[in-house]
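Colleague: So here's data02.cif, just mmCIF, C-alpha atoms, pLDDT in the B column; chains and numbers go by the auth columns:
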```cif
data_protein
#
loop_
_atom_site.group_PDB
_atom_site.id
_atom_site.type_symbol
_atom_site.label_atom_id
_atom_site.label_comp_id
_atom_site.label_asym_id
_atom_site.label_seq_id
_atom_site.Cartn_x
_atom_site.Cartn_y
_atom_site.Cartn_z
_atom_site.B_iso_or_equiv
_atom_site.auth_seq_id
_atom_site.auth_asym_id
ATOM 1 C CA GLY A 1 -8.516 27.618 -50.831 46.00 1 R
ATOM 2 C CA ALA A 2 -9.382 26.146 -47.467 51.00 2 R
ATOM 3 C CA MET A 3 -8.851 22.432 -47.040 59.00 3 R
ATOM 4 C CA ALA A 4 -11.942 20.434 -46.092 62.00 4 R
ATOM 5 C CA ILE A 5 -11.484 18.279 -43.019 69.00 5 R
ATOM 6 C CA SER A 6 -13.103 14.885 -43.290 73.00 6 R
ATOM 7 C CA LYS A 7 -15.709 13.752 -40.776 78.00 7 R
ATOM 8 C CA ALA A 8 -13.396 10.914 -39.636 75.00 8 R
ATOM 9 C CA SER A 9 -10.543 13.374 -38.909 75.00 9 R
ATOM 10 C CA LYS A 10 -12.862 15.690 -36.969 78.00 10 R
ATOM 11 C CA THR A 11 -14.185 12.762 -34.929 81.00 11 R
ATOM 12 C CA LEU A 12 -10.667 11.508 -34.140 79.00 12 R
ATOM 13 C CA PHE A 13 -9.516 14.993 -33.081 77.00 13 R
ATOM 14 C CA VAL A 14 -12.570 15.525 -30.865 81.00 14 R
ATOM 15 C CA VAL A 15 -12.286 12.090 -29.204 81.00 15 R
ATOM 16 C CA GLY A 16 -8.530 12.504 -28.764 80.00 16 R
ATOM 17 C CA SER A 17 -9.008 15.956 -27.208 80.00 17 R
ATOM 18 C CA LEU A 18 -11.765 14.709 -24.877 81.00 18 R
ATOM 19 C CA LEU A 19 -9.574 11.817 -23.727 81.00 19 R
ATOM 20 C CA SER A 20 -6.732 14.259 -23.034 79.00 20 R
ATOM 21 C CA LEU A 21 -9.081 16.473 -20.997 81.00 21 R
ATOM 22 C CA ALA A 22 -10.287 13.400 -19.063 81.00 22 R
ATOM 23 C CA ALA A 23 -6.635 12.529 -18.407 81.00 23 R
ATOM 24 C CA ILE A 24 -5.895 16.003 -17.045 81.00 24 R
ATOM 25 C CA PHE A 25 -8.990 15.753 -14.811 80.00 25 R
ATOM 26 C CA SER A 26 -7.831 12.301 -13.580 77.00 26 R
ATOM 27 C CA ILE A 27 -4.397 13.689 -12.726 76.00 27 R
ATOM 28 C CA ILE A 28 -5.938 16.578 -10.749 79.00 28 R
ATOM 29 C CA VAL A 29 -8.292 14.229 -8.859 75.00 29 R
ATOM 30 C CA GLY A 30 -5.388 11.822 -8.227 69.00 30 R
ATOM 31 C CA MET A 31 -3.239 14.591 -6.764 71.00 31 R
ATOM 32 C CA VAL A 32 -6.072 15.805 -4.505 72.00 32 R
ATOM 33 C CA VAL A 33 -6.745 12.242 -3.288 65.00 33 R
ATOM 34 C CA GLY A 34 -3.035 11.614 -2.748 62.00 34 R
ATOM 35 C CA ASN A 35 -2.494 14.845 -0.801 63.00 35 R
ATOM 36 C CA ALA A 36 -5.547 14.204 1.374 59.00 36 R
ATOM 37 C CA ALA A 37 -4.242 10.716 2.116 54.00 37 R
ATOM 38 C CA ARG A 38 -0.926 12.102 3.392 55.00 38 R
ATOM 39 C CA ILE A 39 -2.649 14.114 6.114 59.00 39 R
ATOM 40 C CA ILE A 40 -2.642 12.024 9.261 64.00 40 R
ATOM 41 C CA ASP A 41 -3.516 13.702 12.526 75.00 41 R
ATOM 42 C CA TRP A 42 -1.504 12.983 15.621 83.00 42 R
ATOM 43 C CA LYS A 43 -3.900 11.832 18.355 87.00 43 R
ATOM 44 C CA ALA A 44 -1.386 13.147 20.885 90.00 44 R
ATOM 45 C CA ALA A 45 1.701 15.251 20.195 90.00 45 R
ATOM 46 C CA GLY A 46 4.699 15.874 22.442 93.00 46 R
ATOM 47 C CA GLN A 47 3.082 14.755 25.695 95.00 47 R
ATOM 48 C CA SER A 48 4.324 12.363 28.369 95.00 48 R
ATOM 49 C CA SER A 49 0.831 11.614 29.691 96.00 49 R
ATOM 50 C CA PHE A 50 -2.337 11.514 27.577 96.00 50 R
ATOM 51 C CA THR A 51 -5.586 9.638 26.939 94.00 51 R
ATOM 52 C CA LEU A 52 -6.592 7.945 23.680 93.00 52 R
ATOM 53 C CA THR A 53 -10.332 7.337 23.366 90.00 53 R
ATOM 54 C CA VAL A 54 -11.629 4.348 21.397 87.00 54 R
ATOM 55 C CA SER A 55 -15.337 4.563 20.563 80.00 55 R
ATOM 56 C CA GLY A 56 -15.765 1.745 18.018 74.00 56 R
ATOM 57 C CA ASP A 57 -13.883 -1.042 16.266 73.00 57 R
ATOM 58 C CA HIS A 58 -10.250 -0.064 16.208 71.00 58 R
ATOM 59 C CA CYS A 59 -6.866 -1.275 14.893 78.00 59 R
ATOM 60 C CA GLY A 60 -4.623 0.227 17.575 86.00 60 R
ATOM 61 C CA PHE A 61 -2.015 2.956 17.944 91.00 61 R
ATOM 62 C CA SER A 62 1.659 3.500 17.177 90.00 62 R
ATOM 63 C CA LEU A 63 3.657 5.626 19.600 93.00 63 R
ATOM 64 C CA TYR A 64 6.587 7.782 18.484 92.00 64 R
ATOM 65 C CA MET A 65 9.385 9.597 20.297 94.00 65 R
ATOM 66 C CA LYS A 66 12.039 12.148 19.310 93.00 66 R
ATOM 67 C CA ARG A 67 15.021 10.710 17.467 91.00 67 R
ATOM 68 C CA GLY A 68 18.245 10.558 19.431 88.00 68 R
ATOM 69 C CA GLY A 69 16.611 9.559 22.711 90.00 69 R
ATOM 70 C CA ASP A 70 17.255 6.258 24.503 94.00 70 R
ATOM 71 C CA CYS A 71 14.470 4.185 22.933 94.00 71 R
ATOM 72 C CA ASP A 72 14.976 1.123 25.167 95.00 72 R
ATOM 73 C CA LYS A 73 14.796 3.270 28.298 96.00 73 R
ATOM 74 C CA VAL A 74 11.690 5.145 27.113 96.00 74 R
ATOM 75 C CA TYR A 75 10.041 1.838 26.138 95.00 75 R
ATOM 76 C CA SER A 76 10.739 0.408 29.622 94.00 76 R
ATOM 77 C CA ASN A 77 9.202 3.526 31.190 95.00 77 R
ATOM 78 C CA THR A 78 6.037 3.623 29.064 94.00 78 R
ATOM 79 C CA VAL A 79 2.816 2.167 30.461 91.00 79 R
ATOM 80 C CA ILE A 80 -0.589 1.907 28.774 90.00 80 R
ATOM 81 C CA LYS A 81 -3.645 1.308 30.949 88.00 81 R
ATOM 82 C CA GLY A 82 -6.910 0.057 29.466 83.00 82 R
ATOM 83 C CA PRO A 83 -10.421 1.339 30.186 83.00 83 R
ATOM 84 C CA GLU A 84 -11.475 1.289 33.843 75.00 84 R
ATOM 85 C CA GLY A 85 -14.263 -1.094 34.815 64.00 85 R
ATOM 86 C CA LYS A 86 -14.173 -3.074 31.543 64.00 86 R
ATOM 87 C CA SER A 87 -12.655 -6.518 31.204 58.00 87 R
ATOM 88 C CA SER A 88 -12.095 -9.036 28.433 57.00 88 R
ATOM 89 C CA GLU A 89 -10.142 -12.231 27.888 53.00 89 R
ATOM 90 C CA GLY A 90 -6.601 -11.589 29.064 55.00 90 R
ATOM 91 C CA PHE A 91 -7.439 -8.072 30.192 57.00 91 R
ATOM 92 C CA ILE A 92 -8.669 -6.886 33.591 55.00 92 R
ATOM 93 C CA GLY A 93 -10.357 -3.465 33.685 55.00 93 R
ATOM 94 C CA GLY A 94 -7.818 -0.664 34.148 59.00 94 R
ATOM 95 C CA GLY A 95 -4.892 -3.068 33.717 69.00 95 R
ATOM 96 C CA ASP A 96 -1.811 -2.848 31.534 78.00 96 R
ATOM 97 C CA ILE A 97 -2.169 -3.194 27.775 83.00 97 R
ATOM 98 C CA ASP A 98 0.486 -5.184 25.892 84.00 98 R
ATOM 99 C CA PHE A 99 2.896 -2.717 24.282 89.00 99 R
ATOM 100 C CA TYR A 100 5.191 -4.021 21.527 90.00 100 R
ATOM 101 C CA LYS A 101 8.638 -2.454 21.056 92.00 101 R
ATOM 102 C CA ASP A 102 9.711 -1.225 17.616 91.00 102 R
ATOM 103 C CA CYS A 103 12.539 1.277 18.306 91.00 103 R
ATOM 104 C CA LYS A 104 13.206 2.011 14.646 84.00 104 R
ATOM 105 C CA ILE A 105 13.711 4.996 12.386 82.00 105 R
ATOM 106 C CA ASP A 106 11.809 5.019 9.098 72.00 106 R
ATOM 107 C CA ASP A 107 13.534 7.459 6.732 68.00 107 R
ATOM 108 C CA THR A 108 10.902 6.818 4.058 63.00 108 R
ATOM 109 C CA SER A 109 8.189 8.411 6.220 64.00 109 R
ATOM 110 C CA GLU A 110 7.859 12.139 5.523 64.00 110 R
ATOM 111 C CA MET A 111 5.864 12.608 8.723 64.00 111 R
ATOM 112 C CA GLU A 112 8.576 11.073 10.874 63.00 112 R
ATOM 113 C CA LYS A 113 11.302 13.093 9.143 64.00 113 R
ATOM 114 C CA GLU A 114 9.324 16.345 9.394 68.00 114 R
ATOM 115 C CA ASP A 115 8.822 15.971 13.135 75.00 115 R
ATOM 116 C CA ASP A 116 12.226 14.300 13.729 86.00 116 R
ATOM 117 C CA LEU A 117 10.547 11.204 15.234 89.00 117 R
ATOM 118 C CA MET A 118 11.131 7.473 15.441 90.00 118 R
ATOM 119 C CA VAL A 119 8.721 4.608 16.158 90.00 119 R
ATOM 120 C CA LEU A 120 8.817 3.619 19.829 93.00 120 R
ATOM 121 C CA GLY A 121 6.224 0.846 19.658 93.00 121 R
ATOM 122 C CA HIS A 122 2.602 -0.051 19.061 90.00 122 R
ATOM 123 C CA PHE A 123 -0.367 -1.584 20.839 89.00 123 R
ATOM 124 C CA TYR A 124 -3.573 -3.220 19.736 85.00 124 R
ATOM 125 C CA ILE A 125 -7.013 -2.680 21.234 82.00 125 R
ATOM 126 C CA PRO A 126 -8.245 -5.799 23.096 76.00 126 R
ATOM 127 C CA GLU A 127 -11.509 -7.389 21.966 70.00 127 R
ATOM 128 C CA LYS A 128 -14.614 -7.662 24.139 65.00 128 R
ATOM 129 C CA SER A 129 -15.015 -11.169 25.542 59.00 129 R
ATOM 130 C CA GLY A 130 -16.545 -13.566 23.017 59.00 130 R
ATOM 131 C CA THR A 131 -16.737 -10.977 20.220 61.00 131 R
ATOM 132 C CA LYS A 132 -14.552 -9.439 17.558 60.00 132 R
ATOM 133 C CA ASN A 133 -15.486 -5.927 18.739 65.00 133 R
ATOM 134 C CA SER A 134 -12.899 -3.577 20.231 71.00 134 R
ATOM 135 C CA LEU A 135 -12.947 -2.828 23.941 78.00 135 R
ATOM 136 C CA THR A 136 -14.085 0.808 23.867 82.00 136 R
ATOM 137 C CA GLY A 137 -13.122 3.468 26.365 86.00 137 R
ATOM 138 C CA ASP A 138 -10.138 5.555 27.455 89.00 138 R
ATOM 139 C CA TYR A 139 -6.602 4.191 27.125 90.00 139 R
ATOM 140 C CA LYS A 140 -4.186 6.122 29.343 92.00 140 R
ATOM 141 C CA VAL A 141 -0.558 6.425 28.203 94.00 141 R
ATOM 142 C CA ARG A 142 2.204 7.476 30.625 95.00 142 R
ATOM 143 C CA SER A 143 5.889 7.706 29.751 96.00 143 R
ATOM 144 C CA SER A 144 9.207 9.190 30.876 95.00 144 R
ATOM 145 C CA ALA A 145 9.483 11.064 27.544 96.00 145 R
ATOM 146 C CA ASN A 146 7.208 13.131 25.344 96.00 146 R
ATOM 147 C CA LEU A 147 5.393 10.894 22.865 96.00 147 R
ATOM 148 C CA TRP A 148 3.294 11.219 19.728 93.00 148 R
ATOM 149 C CA ALA A 149 0.406 8.838 19.000 92.00 149 R
ATOM 150 C CA MET A 150 -0.878 7.825 15.570 88.00 150 R
ATOM 151 C CA ASP A 151 -4.102 5.958 14.884 86.00 151 R
ATOM 152 C CA VAL A 152 -3.010 2.861 12.911 79.00 152 R
ATOM 153 C CA CYS A 153 -6.454 2.653 11.241 75.00 153 R
ATOM 154 C CA GLU A 154 -5.871 6.091 9.659 70.00 154 R
ATOM 155 C CA LEU A 155 -2.545 4.880 8.322 63.00 155 R
ATOM 156 C CA GLY A 156 -4.378 2.087 6.472 58.00 156 R
ATOM 157 C CA GLU A 157 -6.803 4.632 5.022 59.00 157 R
ATOM 158 C CA ALA A 158 -3.864 6.764 3.884 58.00 158 R
ATOM 159 C CA VAL A 159 -2.294 3.801 2.072 63.00 159 R
ATOM 160 C CA ARG A 160 -5.605 3.102 0.317 66.00 160 R
ATOM 161 C CA GLY A 161 -5.804 6.781 -0.697 64.00 161 R
ATOM 162 C CA ILE A 162 -2.306 6.730 -2.152 67.00 162 R
ATOM 163 C CA MET A 163 -3.105 3.518 -4.073 73.00 163 R
ATOM 164 C CA ALA A 164 -6.240 5.203 -5.481 71.00 164 R
ATOM 165 C CA MET A 165 -4.074 8.144 -6.566 73.00 165 R
ATOM 166 C CA LEU A 166 -1.648 5.814 -8.370 76.00 166 R
ATOM 167 C CA VAL A 167 -4.521 4.056 -10.179 78.00 167 R
ATOM 168 C CA LEU A 168 -5.946 7.421 -11.307 76.00 168 R
ATOM 169 C CA ILE A 169 -2.554 8.577 -12.580 78.00 169 R
ATOM 170 C CA ALA A 170 -2.058 5.289 -14.481 82.00 170 R
ATOM 171 C CA LEU A 171 -5.517 5.778 -16.012 81.00 171 R
ATOM 172 C CA ALA A 172 -4.578 9.342 -16.965 81.00 172 R
ATOM 173 C CA VAL A 173 -1.397 8.184 -18.690 83.00 173 R
ATOM 174 C CA ALA A 174 -3.371 5.573 -20.652 83.00 174 R
ATOM 175 C CA LEU A 175 -5.954 8.202 -21.668 81.00 175 R
ATOM 176 C CA ILE A 176 -3.242 10.615 -22.810 80.00 176 R
ATOM 177 C CA VAL A 177 -1.547 7.920 -24.905 83.00 177 R
ATOM 178 C CA ILE A 178 -4.841 6.890 -26.534 83.00 178 R
ATOM 179 C CA GLY A 179 -5.776 10.559 -27.101 81.00 179 R
ATOM 180 C CA LEU A 180 -2.422 11.284 -28.774 80.00 180 R
ATOM 181 C CA ILE A 181 -2.706 8.185 -30.963 83.00 181 R
ATOM 182 C CA LEU A 182 -6.187 9.271 -32.096 80.00 182 R
ATOM 183 C CA CYS A 183 -4.912 12.786 -32.899 79.00 183 R
ATOM 184 C CA CYS A 184 -2.029 11.305 -34.927 80.00 184 R
ATOM 185 C CA VAL A 185 -4.454 9.040 -36.828 80.00 185 R
ATOM 186 C CA GLY A 186 -6.586 12.151 -37.455 77.00 186 R
ATOM 187 C CA CYS A 187 -3.536 13.892 -38.962 76.00 187 R
ATOM 188 C CA CYS A 188 -2.869 10.854 -41.159 76.00 188 R
ATOM 189 C CA CYS A 189 -6.501 10.954 -42.352 72.00 189 R
ATOM 190 C CA LEU A 190 -5.989 14.635 -43.223 68.00 190 R
ATOM 191 C CA GLN A 191 -2.855 13.818 -45.215 66.00 191 R
ATOM 192 C CA SER A 192 -4.514 10.946 -47.089 64.00 192 R
ATOM 193 C CA GLY A 193 -7.565 13.159 -47.687 58.00 193 R
ATOM 194 C CA LYS A 194 -5.274 15.839 -49.235 59.00 194 R
ATOM 195 C CA GLY A 195 -3.684 13.336 -51.565 51.00 195 R
ATOM 196 C CA GLY A 196 -7.042 12.157 -52.808 48.00 196 R
ATOM 197 C CA GLN A 197 -8.244 15.664 -53.842 46.00 197 R
#
```
Just dump the structure as structure tokens.
Modeller:
Amino acid sequence: GAMAISKASKTLFVVGSLLSLAAIFSIIVGMVVGNAARIIDWKAAGQSSFTLTVSGDHCGFSLYMKRGGDCDKVYSNTVIKGPEGKSSEGFIGGGDIDFYKDCKIDDTSEMEKEDDLMVLGHFYIPEKSGTKNSLTGDYKVRSSANLWAMDVCELGEAVRGIMAMLVLIALAVALIVIGLILCCVGCCCLQSGKGGQ
């Protein structure tokens, strides 16, 4: 005849199955979060002259150029002007913004490899006098080569998104392991229940 399944075995199977479903859901959410985090928009792409607008607190920008170009020469011929008519400590309205040279290739960056780019340099947004707030307005970039600009703040958000994805995947793995253990214990309860009949 049909074997009766004990209440304990049923409970273990149901809980184990639910944990496995939660794990699958966590993996799907983790992948969506991770993929969304990888999408970083270029604020300028392939232009030698462009404007970057800062409207609130801001981290700064990284500028990129095509690989194979003379990075030192392009760096020397790149100028960034701050917002007209606004001044702060160490910055006169419309004046040059400090631009820091990087001139490096990052082969771990999919974005850089996809677009065949290298980091030219980066600049920070000056703070308004006496505050910790960014100096808002238009920052004008002019160079001898076509450049790409990335918002450094978005890069930080992307890293946080990828870390969230990794945490969700670790949680999913833990849920799968616990779910499988509970299903195995349920099988053992079935076996011991058979022996007792």
Colleague: At a cut-off of 8 Å, using all atoms listed in the file, what residues contact range 168-172 of chain R? Leave out same-chain residues fewer than 5 positions from it and give the result as a ChimeraX atom specification.
Modeller: /R:22-24,26-27,29-30
Colleague: Mind telling me what the PyMOL selection byres ((chain R and resi 63) around 10) catches here, as a ChimeraX atom specification?
Modeller: /R:42-45,61-62,64-65,75,78,99-103,117-123,141,147-152
Colleague: Starting from the shown file, work through the PyMOL selection byres ((chain R and resi 13) around 10) and note down what comes out as a PyMOL selection string.
Modeller: chain R and resi 7-12+14-19+179-187
Colleague: How far is it from CA of Met165 in chain R to CA of Cys59 in chain R, in Å with one decimal?
Modeller: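 It comes out at 23.6 Å.
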Colleague: So how many Å separate CA of Ser48 in chain R and CA of Ala145 in chain R, to one decimal?
Modeller: 5.4 Å
Colleague: Which distance in Å separates CA of Asp106 in chain R and CA of Gly69 in chain R, to one decimal?
Modeller: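 CA of Asp106 in chain R sits 15.1 Å away from CA of Gly69 in chain R.
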Colleague: Which polymer residues, protein or nucleic acid, are no farther than 6 Å from (5.0, 17.0, 24.0), counting only C-alpha atoms, as a PDB file with C-alpha atoms, keeping the file's coordinate frame?
Modeller:
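Full text of part35.pdb as output:
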```
ATOM      1  CA  ALA R  45       1.701  15.251  20.195  1.00 90.00           C
ATOM      2  CA  GLY R  46       4.699  15.874  22.442  1.00 93.00           C
ATOM      3  CA  GLN R  47       3.082  14.755  25.695  1.00 95.00           C
ATOM      4  CA  ASN R 146       7.208  13.131  25.344  1.00 96.00           C
TER       5      ASN R 146
END
```
Colleague: Take every atom of range 66-77 of chain R listed in the file, pad by 6 Å on each side, and give me the axis-aligned box centre and edge lengths in Å, one decimal, as JSON.
Modeller:
```
{"center_x": 13.7, "center_y": 6.3, "center_z": 24.3, "size_x": 21.0, "size_y": 23.7, "size_z": 25.7}
```
Colleague: Which is closest to Phe50 in chain R among R:Val79, R:Val173, R:Leu21, R:Val167, if we use all atoms listed in the file?
Modeller: R:Val79
Colleague: Looking at R:Cys188, R:Val74, R:Ile80, R:Val54, which one is nearest to Cys153 in chain R, with distances taken over all atoms listed in the file?
Modeller: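 Once distances to Cys153 in chain R are computed over all atoms listed in the file, the minimum belongs to R:Val54.
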Colleague: What would the selection look like, as a ChimeraX atom specification, if the PyMOL selection byres ((chain R and resi 137) around 7) were run on the coordinates I just shared?
Modeller: /R:53-55,83,135-136,138-139
Colleague: Pick the closest to Ser20 in chain R from R:Ser6, R:Ile178, R:Glu154, R:Ser143: which is it, counting all atoms listed in the file?
Modeller: R:Ile178
Colleague: For each of R:Phe25, R:Lys140, R:Arg67, R:Met31, take the minimum atom-to-atom distance to Glu84 in chain R, counting all atoms listed in the file, then give the residue where this is smallest.
Modeller: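 Closest to Glu84 in chain R of all the choices is R:Lys140.
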Colleague: Given the point (-17.7, -1.9, 14.6) in the coordinates of this file, which residues lie within 8 Å, counting all atoms listed in the file, and how would they look as an MDAnalysis selection string?
Modeller: chainID R and resid 56:58 133:134
